[in-house]
Amino acid sequence: MITHFDTTGFRLVQDNTWQHPHTGDQITVELVPGPLNEPYWLEDLAAMRRKLAHSYGEAGCLIEATPVEIDGVPAVYQLSKFPHPAAPTGQVFSATLYLAKSTCFVVLTYLAEEQGITGMREAQLNVQLGMPKNWVLPHPYDPELRGRLPFHRGDDPAWDSQFPEHPLSRVRAWFGRTAGTIQVDPAFAALPDFVPSRGSD
């Protein structure tokens, strides 16, 4: 599985779980036995993205799903948002890496939640952009999708530098810093690659 990645500023709070003492952001690593339950994967990027968008849309919204290579191992980076499960307002943002092999897979997740006054990024951008009628955008992976949370102009990474402390900006920044530092166990890397089965669709 993953043997090392940069946890600077985080403290280990339990096995394979780290937390930032100031923001509350959390990182977890999990090795899951068995093949990944995905009918599409890297061999069909459009179908994979469409399927993931619908899966995430049931509870929130998939913002991005991108193939990456982690220490020589093919992986998929998924950025998503969900309503805060323990608050009446606000959202939780997640950056997740899936490294899939034929007999198991690794999930590395970074979670950051809105705290205090929520929705400030969206509100300020709406004013800045002149209250655009096209604030909500068609989902890039399926324009017909209507998920629990909308895909909107505020999700664009172009705004992250303007709102560096927003949880969406933090999860993107974490992935940008961390992806190149991850080390994978050679025994895991040597396993046969995951090949999806259409029977699970």
# chains A, B, ... in the order shown; residues from 1 in each chain; ligands from 1

call {"tool": "select_by_dssp", "arguments": {"residues": "segment 12-193 of chain A", "states": "helix (DSSP H, G or I)", "output": "compact mmCIF listing (two decimals) with all heavy atoms, in the first residue's frame"}}
result
# COMPACT_ATOMS: atom_id res chain seq x y z
N LEU A 45 -12.08 6.42 -20.12
CA LEU A 45 -12.11 7.58 -19.23
C LEU A 45 -13.47 8.27 -19.23
O LEU A 45 -14.00 8.63 -18.17
CB LEU A 45 -11.01 8.56 -19.62
CG LEU A 45 -10.84 9.80 -18.74
CD1 LEU A 45 -10.58 9.41 -17.30
CD2 LEU A 45 -9.72 10.68 -19.28
N ALA A 46 -14.07 8.44 -20.40
CA ALA A 46 -15.36 9.13 -20.47
C ALA A 46 -16.44 8.36 -19.71
O ALA A 46 -17.24 8.94 -18.97
CB ALA A 46 -15.76 9.34 -21.92
N ALA A 47 -16.48 7.04 -19.90
CA ALA A 47 -17.47 6.22 -19.23
C ALA A 47 -17.23 6.21 -17.72
O ALA A 47 -18.17 6.25 -16.92
CB ALA A 47 -17.45 4.80 -19.77
N MET A 48 -15.95 6.15 -17.32
CA MET A 48 -15.62 6.17 -15.89
C MET A 48 -16.10 7.48 -15.26
O MET A 48 -16.74 7.48 -14.21
CB MET A 48 -14.11 6.03 -15.69
CG MET A 48 -13.69 6.07 -14.23
SD MET A 48 -11.91 6.34 -14.00
CE MET A 48 -11.78 8.10 -14.39
N ARG A 49 -15.81 8.60 -15.91
CA ARG A 49 -16.20 9.89 -15.36
C ARG A 49 -17.71 10.03 -15.27
O ARG A 49 -18.25 10.53 -14.28
CB ARG A 49 -15.62 11.01 -16.22
CG ARG A 49 -14.13 11.25 -15.98
CD ARG A 49 -13.57 12.23 -16.97
NE ARG A 49 -12.30 12.80 -16.52
CZ ARG A 49 -11.44 13.43 -17.31
NH1 ARG A 49 -11.71 13.56 -18.60
NH2 ARG A 49 -10.32 13.92 -16.81
N ARG A 50 -18.41 9.57 -16.29
CA ARG A 50 -19.87 9.65 -16.28
C ARG A 50 -20.46 8.80 -15.15
O ARG A 50 -21.36 9.24 -14.42
CB ARG A 50 -20.42 9.20 -17.64
CG ARG A 50 -21.93 9.39 -17.79
CD ARG A 50 -22.35 9.18 -19.23
NE ARG A 50 -21.95 7.89 -19.75
CZ ARG A 50 -20.97 7.69 -20.65
NH1 ARG A 50 -20.30 8.72 -21.14
NH2 ARG A 50 -20.67 6.48 -21.08
N LYS A 51 -19.95 7.59 -15.00
CA LYS A 51 -20.43 6.70 -13.94
C LYS A 51 -20.13 7.30 -12.56
O LYS A 51 -20.99 7.29 -11.67
CB LYS A 51 -19.77 5.33 -14.08
CG LYS A 51 -20.10 4.33 -13.00
CD LYS A 51 -21.53 3.83 -13.12
CE LYS A 51 -21.77 2.56 -12.32
NZ LYS A 51 -21.42 2.68 -10.90
N LEU A 52 -18.92 7.82 -12.37
CA LEU A 52 -18.56 8.42 -11.08
C LEU A 52 -19.42 9.64 -10.79
O LEU A 52 -19.85 9.86 -9.66
CB LEU A 52 -17.08 8.79 -11.07
CG LEU A 52 -16.09 7.64 -11.00
CD1 LEU A 52 -14.66 8.15 -11.18
CD2 LEU A 52 -16.20 6.89 -9.67
N ALA A 53 -19.66 10.46 -11.81
CA ALA A 53 -20.47 11.66 -11.61
C ALA A 53 -21.87 11.30 -11.12
O ALA A 53 -22.41 11.97 -10.23
CB ALA A 53 -20.55 12.46 -12.91
N HIS A 54 -22.45 10.25 -11.68
CA HIS A 54 -23.78 9.83 -11.24
C HIS A 54 -23.73 9.25 -9.82
O HIS A 54 -24.64 9.50 -9.02
CB HIS A 54 -24.37 8.82 -12.22
CG HIS A 54 -24.97 9.46 -13.43
ND1 HIS A 54 -26.31 9.72 -13.56
CD2 HIS A 54 -24.39 9.91 -14.58
CE1 HIS A 54 -26.55 10.30 -14.73
NE2 HIS A 54 -25.40 10.43 -15.37
N SER A 55 -22.68 8.50 -9.51
CA SER A 55 -22.56 7.92 -8.17
C SER A 55 -22.41 9.02 -7.12
O SER A 55 -23.11 9.02 -6.09
CB SER A 55 -21.35 6.98 -8.11
OG SER A 55 -21.54 5.87 -8.96
N TYR A 56 -21.53 9.98 -7.38
CA TYR A 56 -21.34 11.08 -6.43
C TYR A 56 -22.58 11.97 -6.37
O TYR A 56 -22.89 12.54 -5.33
CB TYR A 56 -20.13 11.92 -6.82
CG TYR A 56 -18.80 11.37 -6.38
CD1 TYR A 56 -18.04 10.55 -7.21
CD2 TYR A 56 -18.28 11.68 -5.12
CE1 TYR A 56 -16.82 10.06 -6.81
CE2 TYR A 56 -17.06 11.19 -4.71
CZ TYR A 56 -16.32 10.38 -5.55
OH TYR A 56 -15.10 9.89 -5.15
N GLY A 57 -23.27 12.11 -7.49
CA GLY A 57 -24.42 12.99 -7.55
C GLY A 57 -25.56 12.56 -6.63
O GLY A 57 -26.40 13.38 -6.27
N MET A 120 -19.38 31.67 1.83
CA MET A 120 -18.78 32.97 1.54
C MET A 120 -18.12 33.00 0.17
O MET A 120 -18.18 34.02 -0.54
CB MET A 120 -17.78 33.34 2.63
CG MET A 120 -18.41 33.61 3.98
SD MET A 120 -19.61 34.99 3.92
CE MET A 120 -18.54 36.35 3.50
N ARG A 121 -17.47 31.90 -0.22
CA ARG A 121 -16.84 31.86 -1.54
C ARG A 121 -17.88 32.08 -2.63
O ARG A 121 -17.69 32.91 -3.54
CB ARG A 121 -16.11 30.53 -1.73
CG ARG A 121 -15.51 30.30 -3.12
CD ARG A 121 -14.74 28.99 -3.13
NE ARG A 121 -14.27 28.62 -4.47
CZ ARG A 121 -13.07 28.12 -4.72
NH1 ARG A 121 -12.21 27.96 -3.74
NH2 ARG A 121 -12.73 27.78 -5.94
N GLU A 122 -18.97 31.34 -2.54
CA GLU A 122 -20.02 31.45 -3.55
C GLU A 122 -20.66 32.84 -3.56
O GLU A 122 -20.91 33.42 -4.63
CB GLU A 122 -21.07 30.37 -3.31
CG GLU A 122 -20.60 28.95 -3.53
CD GLU A 122 -19.88 28.35 -2.34
OE1 GLU A 122 -19.64 29.08 -1.35
OE2 GLU A 122 -19.55 27.17 -2.38
N ALA A 123 -20.94 33.36 -2.36
CA ALA A 123 -21.60 34.67 -2.28
C ALA A 123 -20.72 35.78 -2.85
O ALA A 123 -21.19 36.63 -3.62
CB ALA A 123 -21.95 34.98 -0.82
N GLN A 124 -19.45 35.79 -2.49
CA GLN A 124 -18.55 36.83 -2.97
C GLN A 124 -18.33 36.73 -4.47
O GLN A 124 -18.26 37.74 -5.18
CB GLN A 124 -17.22 36.75 -2.23
CG GLN A 124 -17.32 37.15 -0.77
CD GLN A 124 -15.98 37.11 -0.06
OE1 GLN A 124 -14.95 37.47 -0.62
NE2 GLN A 124 -15.99 36.65 1.18
N LEU A 125 -18.23 35.50 -4.98
CA LEU A 125 -18.04 35.34 -6.42
C LEU A 125 -19.28 35.74 -7.20
O LEU A 125 -19.17 36.31 -8.29
CB LEU A 125 -17.64 33.90 -6.73
CG LEU A 125 -16.20 33.54 -6.40
CD1 LEU A 125 -15.95 32.04 -6.61
CD2 LEU A 125 -15.22 34.35 -7.24
N ASN A 126 -20.44 35.45 -6.67
CA ASN A 126 -21.67 35.87 -7.34
C ASN A 126 -21.71 37.39 -7.50
O ASN A 126 -22.06 37.91 -8.56
CB ASN A 126 -22.90 35.38 -6.57
CG ASN A 126 -23.52 34.14 -7.16
OD1 ASN A 126 -24.10 34.19 -8.24
ND2 ASN A 126 -23.36 33.02 -6.48
N VAL A 127 -21.36 38.10 -6.43
CA VAL A 127 -21.32 39.56 -6.50
C VAL A 127 -20.24 40.02 -7.47
O VAL A 127 -20.45 40.90 -8.31
CB VAL A 127 -21.08 40.15 -5.10
CG1 VAL A 127 -20.85 41.66 -5.19
CG2 VAL A 127 -22.26 39.85 -4.19
N GLN A 128 -19.08 39.40 -7.38
CA GLN A 128 -17.95 39.77 -8.23
C GLN A 128 -18.26 39.57 -9.71
O GLN A 128 -17.84 40.36 -10.56
CB GLN A 128 -16.73 38.95 -7.83
CG GLN A 128 -15.45 39.29 -8.56
CD GLN A 128 -14.27 38.50 -7.99
OE1 GLN A 128 -14.19 38.26 -6.79
NE2 GLN A 128 -13.36 38.08 -8.86
N ARG A 153 -19.90 27.68 -11.11
CA ARG A 153 -18.72 28.44 -11.50
C ARG A 153 -17.74 28.62 -10.34
O ARG A 153 -16.54 28.78 -10.54
CB ARG A 153 -19.14 29.79 -12.06
CG ARG A 153 -19.92 29.66 -13.37
CD ARG A 153 -20.40 30.99 -13.92
NE ARG A 153 -19.28 31.84 -14.34
CZ ARG A 153 -19.44 32.99 -14.99
NH1 ARG A 153 -20.66 33.42 -15.27
NH2 ARG A 153 -18.40 33.71 -15.33
N GLY A 154 -18.23 28.59 -9.13
CA GLY A 154 -17.37 28.73 -7.97
C GLY A 154 -16.44 27.55 -7.74
O GLY A 154 -15.48 27.65 -6.97
N ASP A 155 -16.71 26.42 -8.40
CA ASP A 155 -15.85 25.23 -8.26
C ASP A 155 -14.55 25.35 -9.05
O ASP A 155 -13.64 24.54 -8.87
CB ASP A 155 -16.60 23.98 -8.72
CG ASP A 155 -17.80 23.65 -7.86
OD1 ASP A 155 -17.76 23.93 -6.65
OD2 ASP A 155 -18.79 23.11 -8.40
N PRO A 157 -10.96 26.02 -10.30
CA PRO A 157 -9.70 26.24 -9.56
C PRO A 157 -9.11 27.62 -9.76
O PRO A 157 -8.24 28.04 -8.99
CB PRO A 157 -8.77 25.15 -10.11
CG PRO A 157 -9.34 24.77 -11.43
CD PRO A 157 -10.82 24.93 -11.28
N ALA A 158 -9.57 28.36 -10.77
CA ALA A 158 -9.06 29.71 -11.00
C ALA A 158 -9.32 30.62 -9.81
O ALA A 158 -8.62 31.62 -9.63
CB ALA A 158 -9.70 30.30 -12.25
N TRP A 159 -10.32 30.28 -8.96
CA TRP A 159 -10.66 31.14 -7.82
C TRP A 159 -9.91 30.75 -6.55
O TRP A 159 -10.02 31.46 -5.55
CB TRP A 159 -12.17 31.07 -7.56
CG TRP A 159 -13.02 31.38 -8.74
CD1 TRP A 159 -13.89 30.53 -9.37
CD2 TRP A 159 -13.10 32.62 -9.44
NE1 TRP A 159 -14.50 31.15 -10.43
CE2 TRP A 159 -14.03 32.45 -10.50
CE3 TRP A 159 -12.47 33.86 -9.29
CZ2 TRP A 159 -14.36 33.47 -11.39
CZ3 TRP A 159 -12.79 34.87 -10.18
CH2 TRP A 159 -13.71 34.67 -11.21
N PRO A 167 -12.10 25.51 2.16
CA PRO A 167 -11.77 24.08 2.15
C PRO A 167 -11.57 23.50 0.75
O PRO A 167 -10.76 22.58 0.58
CB PRO A 167 -12.95 23.42 2.87
CG PRO A 167 -14.02 24.46 2.92
CD PRO A 167 -13.33 25.77 2.91
N LEU A 168 -12.29 24.00 -0.25
CA LEU A 168 -12.06 23.51 -1.61
C LEU A 168 -10.65 23.85 -2.07
O LEU A 168 -9.95 23.03 -2.67
CB LEU A 168 -13.09 24.09 -2.57
CG LEU A 168 -12.92 23.75 -4.06
CD1 LEU A 168 -12.86 22.25 -4.29
CD2 LEU A 168 -14.02 24.39 -4.89
N SER A 169 -10.21 25.07 -1.77
CA SER A 169 -8.85 25.47 -2.12
C SER A 169 -7.83 24.62 -1.37
O SER A 169 -6.79 24.25 -1.93
CB SER A 169 -8.63 26.95 -1.79
OG SER A 169 -9.60 27.77 -2.42
N ARG A 170 -8.11 24.33 -0.11
CA ARG A 170 -7.17 23.55 0.70
C ARG A 170 -7.00 22.13 0.17
O ARG A 170 -5.88 21.61 0.13
CB ARG A 170 -7.62 23.51 2.16
CG ARG A 170 -7.59 24.85 2.86
CD ARG A 170 -7.49 24.71 4.37
NE ARG A 170 -8.53 23.91 4.97
CZ ARG A 170 -9.67 24.38 5.46
NH1 ARG A 170 -9.93 25.68 5.37
NH2 ARG A 170 -10.55 23.58 6.04
N VAL A 171 -8.11 21.49 -0.24
CA VAL A 171 -7.97 20.12 -0.70
C VAL A 171 -7.21 20.07 -2.03
O VAL A 171 -6.40 19.18 -2.26
CB VAL A 171 -9.33 19.38 -0.81
CG1 VAL A 171 -9.98 19.26 0.54
CG2 VAL A 171 -10.26 20.03 -1.80
N ARG A 172 -7.46 21.04 -2.91
CA ARG A 172 -6.71 21.09 -4.16
C ARG A 172 -5.23 21.34 -3.91
O ARG A 172 -4.36 20.73 -4.54
CB ARG A 172 -7.26 22.17 -5.08
CG ARG A 172 -8.51 21.79 -5.85
CD ARG A 172 -8.60 22.66 -7.09
NE ARG A 172 -9.85 22.45 -7.80
CZ ARG A 172 -10.90 23.25 -7.74
NH1 ARG A 172 -10.87 24.33 -6.98
NH2 ARG A 172 -11.99 23.00 -8.44
N ALA A 173 -4.94 22.28 -3.00
CA ALA A 173 -3.55 22.60 -2.69
C ALA A 173 -2.84 21.39 -2.08
O ALA A 173 -1.67 21.12 -2.39
CB ALA A 173 -3.48 23.79 -1.75
N TRP A 174 -3.56 20.66 -1.22
CA TRP A 174 -2.96 19.47 -0.62
C TRP A 174 -2.57 18.46 -1.69
O TRP A 174 -1.46 17.92 -1.67
CB TRP A 174 -3.94 18.82 0.36
CG TRP A 174 -3.48 17.46 0.81
CD1 TRP A 174 -2.57 17.18 1.79
CD2 TRP A 174 -3.88 16.20 0.27
NE1 TRP A 174 -2.39 15.82 1.89
CE2 TRP A 174 -3.18 15.20 0.97
CE3 TRP A 174 -4.77 15.83 -0.74
CZ2 TRP A 174 -3.35 13.85 0.68
CZ3 TRP A 174 -4.93 14.49 -1.02
CH2 TRP A 174 -4.22 13.50 -0.31
N PHE A 175 -3.47 18.21 -2.63
CA PHE A 175 -3.15 17.24 -3.67
C PHE A 175 -1.96 17.70 -4.50
O PHE A 175 -1.07 16.91 -4.82
CB PHE A 175 -4.35 17.00 -4.58
CG PHE A 175 -4.04 16.05 -5.70
CD1 PHE A 175 -3.93 14.70 -5.47
CD2 PHE A 175 -3.83 16.52 -6.99
CE1 PHE A 175 -3.61 13.82 -6.51
CE2 PHE A 175 -3.52 15.66 -8.02
CZ PHE A 175 -3.41 14.32 -7.78
N GLY A 176 -1.92 18.99 -4.83
CA GLY A 176 -0.81 19.51 -5.61
C GLY A 176 0.52 19.35 -4.91
O GLY A 176 1.54 19.05 -5.55
N ARG A 177 0.52 19.52 -3.58
CA ARG A 177 1.76 19.38 -2.81
C ARG A 177 2.13 17.92 -2.59
O ARG A 177 3.31 17.58 -2.53
CB ARG A 177 1.60 20.03 -1.44
CG ARG A 177 1.48 21.53 -1.43
CD ARG A 177 1.63 22.05 0.00
NE ARG A 177 0.74 21.39 0.93
CZ ARG A 177 -0.49 21.81 1.24
NH1 ARG A 177 -0.96 22.90 0.66
NH2 ARG A 177 -1.23 21.17 2.12
N THR A 178 1.13 17.08 -2.43
CA THR A 178 1.36 15.74 -1.91
C THR A 178 1.58 14.67 -2.97
O THR A 178 2.33 13.70 -2.74
CB THR A 178 0.18 15.32 -1.00
OG1 THR A 178 0.01 16.30 0.02
CG2 THR A 178 0.41 13.97 -0.37
N ALA A 179 0.96 14.80 -4.12
CA ALA A 179 0.99 13.73 -5.12
C ALA A 179 2.41 13.27 -5.44
O ALA A 179 2.66 12.07 -5.58
CB ALA A 179 0.27 14.19 -6.39
N GLY A 180 3.33 14.22 -5.55
CA GLY A 180 4.70 13.86 -5.91
C GLY A 180 5.51 13.29 -4.79
O GLY A 180 6.64 12.81 -5.02
N THR A 181 4.98 13.32 -3.55
CA THR A 181 5.76 12.81 -2.40
C THR A 181 5.35 11.40 -1.99
O THR A 181 5.98 10.80 -1.12
CB THR A 181 5.58 13.74 -1.18
OG1 THR A 181 4.26 13.56 -0.62
CG2 THR A 181 5.78 15.20 -1.56
N PRO A 186 6.54 -1.49 -2.90
CA PRO A 186 6.86 -2.21 -4.14
C PRO A 186 6.03 -3.49 -4.32
O PRO A 186 5.71 -3.86 -5.44
CB PRO A 186 8.35 -2.52 -4.00
CG PRO A 186 8.87 -1.45 -3.09
CD PRO A 186 7.76 -1.19 -2.12
N ALA A 187 5.68 -4.15 -3.21
CA ALA A 187 4.88 -5.37 -3.31
C ALA A 187 3.48 -5.06 -3.84
O ALA A 187 2.92 -5.81 -4.64
CB ALA A 187 4.79 -6.07 -1.96
N PHE A 188 2.91 -3.93 -3.40
CA PHE A 188 1.60 -3.50 -3.91
C PHE A 188 1.72 -3.10 -5.38
O PHE A 188 0.90 -3.48 -6.22
CB PHE A 188 1.05 -2.35 -3.08
CG PHE A 188 -0.25 -1.80 -3.59
CD1 PHE A 188 -1.45 -2.38 -3.24
CD2 PHE A 188 -0.27 -0.68 -4.43
CE1 PHE A 188 -2.66 -1.87 -3.71
CE2 PHE A 188 -1.47 -0.17 -4.91
CZ PHE A 188 -2.66 -0.78 -4.55
N ALA A 189 2.75 -2.34 -5.70
CA ALA A 189 2.93 -1.86 -7.07
C ALA A 189 3.10 -3.02 -8.05
O ALA A 189 2.72 -2.90 -9.22
CB ALA A 189 4.15 -0.94 -7.14

call {"tool": "residues_around", "arguments": {"residues": "segment 146-152 of chain A", "least_positions_apart": "6", "cutoff": "9 Å", "atoms": "only C-alpha atoms", "output": "number ranges by chain"}}
result
A: 53-54, 56-63, 81-83, 134-140

call {"tool": "write_last_selection", "arguments": {"atoms": "all heavy atoms", "output": "short mmCIF file (atom, residue, chain, number, x, y, z; two decimals), in the first residue's frame"}}
result
data_model
loop_
_atom_site.label_atom_id
_atom_site.label_comp_id
_atom_site.auth_asym_id
_atom_site.auth_seq_id
_atom_site.Cartn_x
_atom_site.Cartn_y
_atom_site.Cartn_z
N ALA A 53 -19.66 10.46 -11.81
CA ALA A 53 -20.47 11.66 -11.61
C ALA A 53 -21.87 11.30 -11.12
O ALA A 53 -22.41 11.97 -10.23
CB ALA A 53 -20.55 12.46 -12.91
N HIS A 54 -22.45 10.25 -11.68
CA HIS A 54 -23.78 9.83 -11.24
C HIS A 54 -23.73 9.25 -9.82
O HIS A 54 -24.64 9.50 -9.02
CB HIS A 54 -24.37 8.82 -12.22
CG HIS A 54 -24.97 9.46 -13.43
ND1 HIS A 54 -26.31 9.72 -13.56
CD2 HIS A 54 -24.39 9.91 -14.58
CE1 HIS A 54 -26.55 10.30 -14.73
NE2 HIS A 54 -25.40 10.43 -15.37
N TYR A 56 -21.53 9.98 -7.38
CA TYR A 56 -21.34 11.08 -6.43
C TYR A 56 -22.58 11.97 -6.37
O TYR A 56 -22.89 12.54 -5.33
CB TYR A 56 -20.13 11.92 -6.82
CG TYR A 56 -18.80 11.37 -6.38
CD1 TYR A 56 -18.04 10.55 -7.21
CD2 TYR A 56 -18.28 11.68 -5.12
CE1 TYR A 56 -16.82 10.06 -6.81
CE2 TYR A 56 -17.06 11.19 -4.71
CZ TYR A 56 -16.32 10.38 -5.55
OH TYR A 56 -15.10 9.89 -5.15
N GLY A 57 -23.27 12.11 -7.49
CA GLY A 57 -24.42 12.99 -7.55
C GLY A 57 -25.56 12.56 -6.63
O GLY A 57 -26.40 13.38 -6.27
N GLU A 58 -25.59 11.30 -6.23
CA GLU A 58 -26.64 10.83 -5.34
C GLU A 58 -26.53 11.49 -3.97
O GLU A 58 -27.54 11.68 -3.27
CB GLU A 58 -26.57 9.31 -5.19
CG GLU A 58 -26.88 8.56 -6.48
CD GLU A 58 -26.72 7.07 -6.34
OE1 GLU A 58 -26.41 6.62 -5.20
OE2 GLU A 58 -26.88 6.34 -7.33
N ALA A 59 -25.30 11.86 -3.56
CA ALA A 59 -25.10 12.45 -2.24
C ALA A 59 -24.53 13.85 -2.30
O ALA A 59 -24.59 14.59 -1.31
CB ALA A 59 -24.18 11.56 -1.40
N GLY A 60 -23.94 14.24 -3.43
CA GLY A 60 -23.28 15.54 -3.52
C GLY A 60 -22.98 15.90 -4.96
O GLY A 60 -23.87 15.96 -5.79
N CYS A 61 -21.67 16.09 -5.25
CA CYS A 61 -21.28 16.44 -6.61
C CYS A 61 -19.81 16.10 -6.83
O CYS A 61 -18.96 16.47 -6.02
CB CYS A 61 -21.50 17.93 -6.86
SG CYS A 61 -20.98 18.50 -8.51
N LEU A 62 -19.53 15.42 -7.91
CA LEU A 62 -18.16 15.19 -8.34
C LEU A 62 -17.69 16.43 -9.10
O LEU A 62 -18.33 16.85 -10.07
CB LEU A 62 -18.08 13.96 -9.25
CG LEU A 62 -16.70 13.66 -9.86
CD1 LEU A 62 -15.72 13.22 -8.78
CD2 LEU A 62 -16.83 12.58 -10.94
N ILE A 63 -16.59 17.01 -8.66
CA ILE A 63 -16.04 18.19 -9.32
C ILE A 63 -15.03 17.79 -10.39
O ILE A 63 -14.98 18.37 -11.47
CB ILE A 63 -15.40 19.13 -8.29
CG1 ILE A 63 -16.45 19.61 -7.28
CG2 ILE A 63 -14.72 20.32 -8.97
CD1 ILE A 63 -15.88 20.41 -6.12
N LYS A 81 -17.71 17.23 -3.47
CA LYS A 81 -18.29 18.02 -2.38
C LYS A 81 -19.60 17.40 -1.96
O LYS A 81 -20.31 16.78 -2.77
CB LYS A 81 -18.49 19.47 -2.81
CG LYS A 81 -19.41 19.65 -4.02
CD LYS A 81 -19.53 21.11 -4.44
CE LYS A 81 -20.42 21.27 -5.68
NZ LYS A 81 -20.55 22.69 -6.09
N PHE A 82 -19.92 17.57 -0.67
CA PHE A 82 -21.14 17.01 -0.09
C PHE A 82 -21.73 17.99 0.92
O PHE A 82 -20.99 18.77 1.52
CB PHE A 82 -20.83 15.69 0.64
CG PHE A 82 -20.19 14.64 -0.22
CD1 PHE A 82 -18.80 14.53 -0.30
CD2 PHE A 82 -20.96 13.78 -0.98
CE1 PHE A 82 -18.21 13.58 -1.10
CE2 PHE A 82 -20.38 12.82 -1.78
CZ PHE A 82 -19.00 12.71 -1.84
N PRO A 83 -23.04 17.94 1.15
CA PRO A 83 -23.59 18.71 2.26
C PRO A 83 -22.96 18.26 3.57
O PRO A 83 -22.67 17.07 3.75
CB PRO A 83 -25.09 18.37 2.22
CG PRO A 83 -25.33 17.86 0.83
CD PRO A 83 -24.07 17.18 0.42
N ASN A 134 -25.94 32.17 -15.33
CA ASN A 134 -25.35 30.86 -15.60
C ASN A 134 -24.36 30.48 -14.51
O ASN A 134 -23.33 29.87 -14.78
CB ASN A 134 -24.68 30.84 -16.97
CG ASN A 134 -23.50 31.82 -17.06
OD1 ASN A 134 -23.40 32.76 -16.27
ND2 ASN A 134 -22.63 31.60 -18.03
N TRP A 135 -24.69 30.83 -13.26
CA TRP A 135 -23.83 30.42 -12.14
C TRP A 135 -23.74 28.90 -12.06
O TRP A 135 -22.66 28.32 -11.94
CB TRP A 135 -24.38 30.99 -10.83
CG TRP A 135 -23.72 30.44 -9.60
CD1 TRP A 135 -24.20 29.48 -8.76
CD2 TRP A 135 -22.44 30.83 -9.08
NE1 TRP A 135 -23.31 29.24 -7.74
CE2 TRP A 135 -22.22 30.05 -7.92
CE3 TRP A 135 -21.46 31.73 -9.49
CZ2 TRP A 135 -21.06 30.17 -7.15
CZ3 TRP A 135 -20.31 31.85 -8.73
CH2 TRP A 135 -20.11 31.08 -7.58
N VAL A 136 -24.88 28.22 -12.14
CA VAL A 136 -24.90 26.75 -12.18
C VAL A 136 -24.62 26.31 -13.60
O VAL A 136 -25.23 26.79 -14.55
CB VAL A 136 -26.25 26.21 -11.69
CG1 VAL A 136 -26.31 24.69 -11.87
CG2 VAL A 136 -26.47 26.57 -10.23
N LEU A 137 -23.67 25.38 -13.73
CA LEU A 137 -23.22 24.93 -15.05
C LEU A 137 -23.63 23.48 -15.29
O LEU A 137 -23.80 22.70 -14.34
CB LEU A 137 -21.70 25.04 -15.14
CG LEU A 137 -21.10 26.43 -14.92
CD1 LEU A 137 -19.57 26.34 -14.82
CD2 LEU A 137 -21.51 27.37 -16.04
N PRO A 138 -23.77 23.08 -16.56
CA PRO A 138 -23.95 21.65 -16.85
C PRO A 138 -22.74 20.87 -16.35
O PRO A 138 -21.61 21.35 -16.43
CB PRO A 138 -24.04 21.60 -18.38
CG PRO A 138 -24.41 22.99 -18.79
CD PRO A 138 -23.78 23.90 -17.78
N HIS A 139 -23.00 19.69 -15.83
CA HIS A 139 -21.87 18.90 -15.33
C HIS A 139 -20.96 18.51 -16.49
O HIS A 139 -21.45 18.06 -17.54
CB HIS A 139 -22.35 17.65 -14.59
CG HIS A 139 -21.29 17.06 -13.71
ND1 HIS A 139 -20.25 16.33 -14.21
CD2 HIS A 139 -21.08 17.17 -12.38
CE1 HIS A 139 -19.46 15.96 -13.21
NE2 HIS A 139 -19.94 16.47 -12.09
N PRO A 140 -19.65 18.68 -16.35
CA PRO A 140 -18.75 18.41 -17.47
C PRO A 140 -18.70 16.96 -17.91
O PRO A 140 -18.30 16.66 -19.04
CB PRO A 140 -17.38 18.87 -16.94
CG PRO A 140 -17.50 18.81 -15.45
CD PRO A 140 -18.91 19.17 -15.16
#

call {"tool": "residues_around", "arguments": {"residues": "Leu97 of chain A", "least_positions_apart": "5", "cutoff": "8 Å", "atoms": "only C-alpha atoms", "output": "list in words"}}
result
Ala75, Val76, Tyr77, Gln78, Val106, Val107, Leu108 and Thr109 of chain A

call {"tool": "atom_distance", "arguments": {"atom1": "atom CA of Ala65 of chain A", "atom2": "atom CA of Ala112 of chain A"}}
result
17.8 Å

call {"tool": "atom_distance", "arguments": {"atom1": "atom CA of Pro33 of chain A", "atom2": "atom CA of Thr103 of chain A"}}
result
6.4 Å

call {"tool": "residues_around", "arguments": {"residues": "Cys104 of chain A", "least_positions_apart": "5", "cutoff": "8 Å", "atoms": "only C-alpha atoms", "output": "PyMOL selection string"}}
result
chain A and resi 31-36

call {"tool": "select_by_dssp", "arguments": {"residues": "segment 25-88 of chain A", "states": "strand (DSSP E)", "output": "list in words"}}
result
Gln26, Ile27, Thr28, Val29, Glu30, Leu31, Val32, Pro33, Cys61, Leu62, Ile63, Glu64, Ala65, Thr66, Pro67, Val68, Glu69, Ile70, Val73, Pro74, Ala75, Val76, Tyr77, Gln78, Leu79, Ser80, Lys81, Phe82 and Pro83 of chain A

call {"tool": "atom_distance", "arguments": {"atom1": "atom CA of Thr118 of chain A", "atom2": "atom CA of Phe163 of chain A"}}
result
12.9 Å

call {"tool": "closest_residue", "arguments": {"among": "A:Lys101, A:His4, A:His166, A:Lys133", "to": "Glu114 of chain A", "atoms": "only C-alpha atoms"}}
result
A:His166
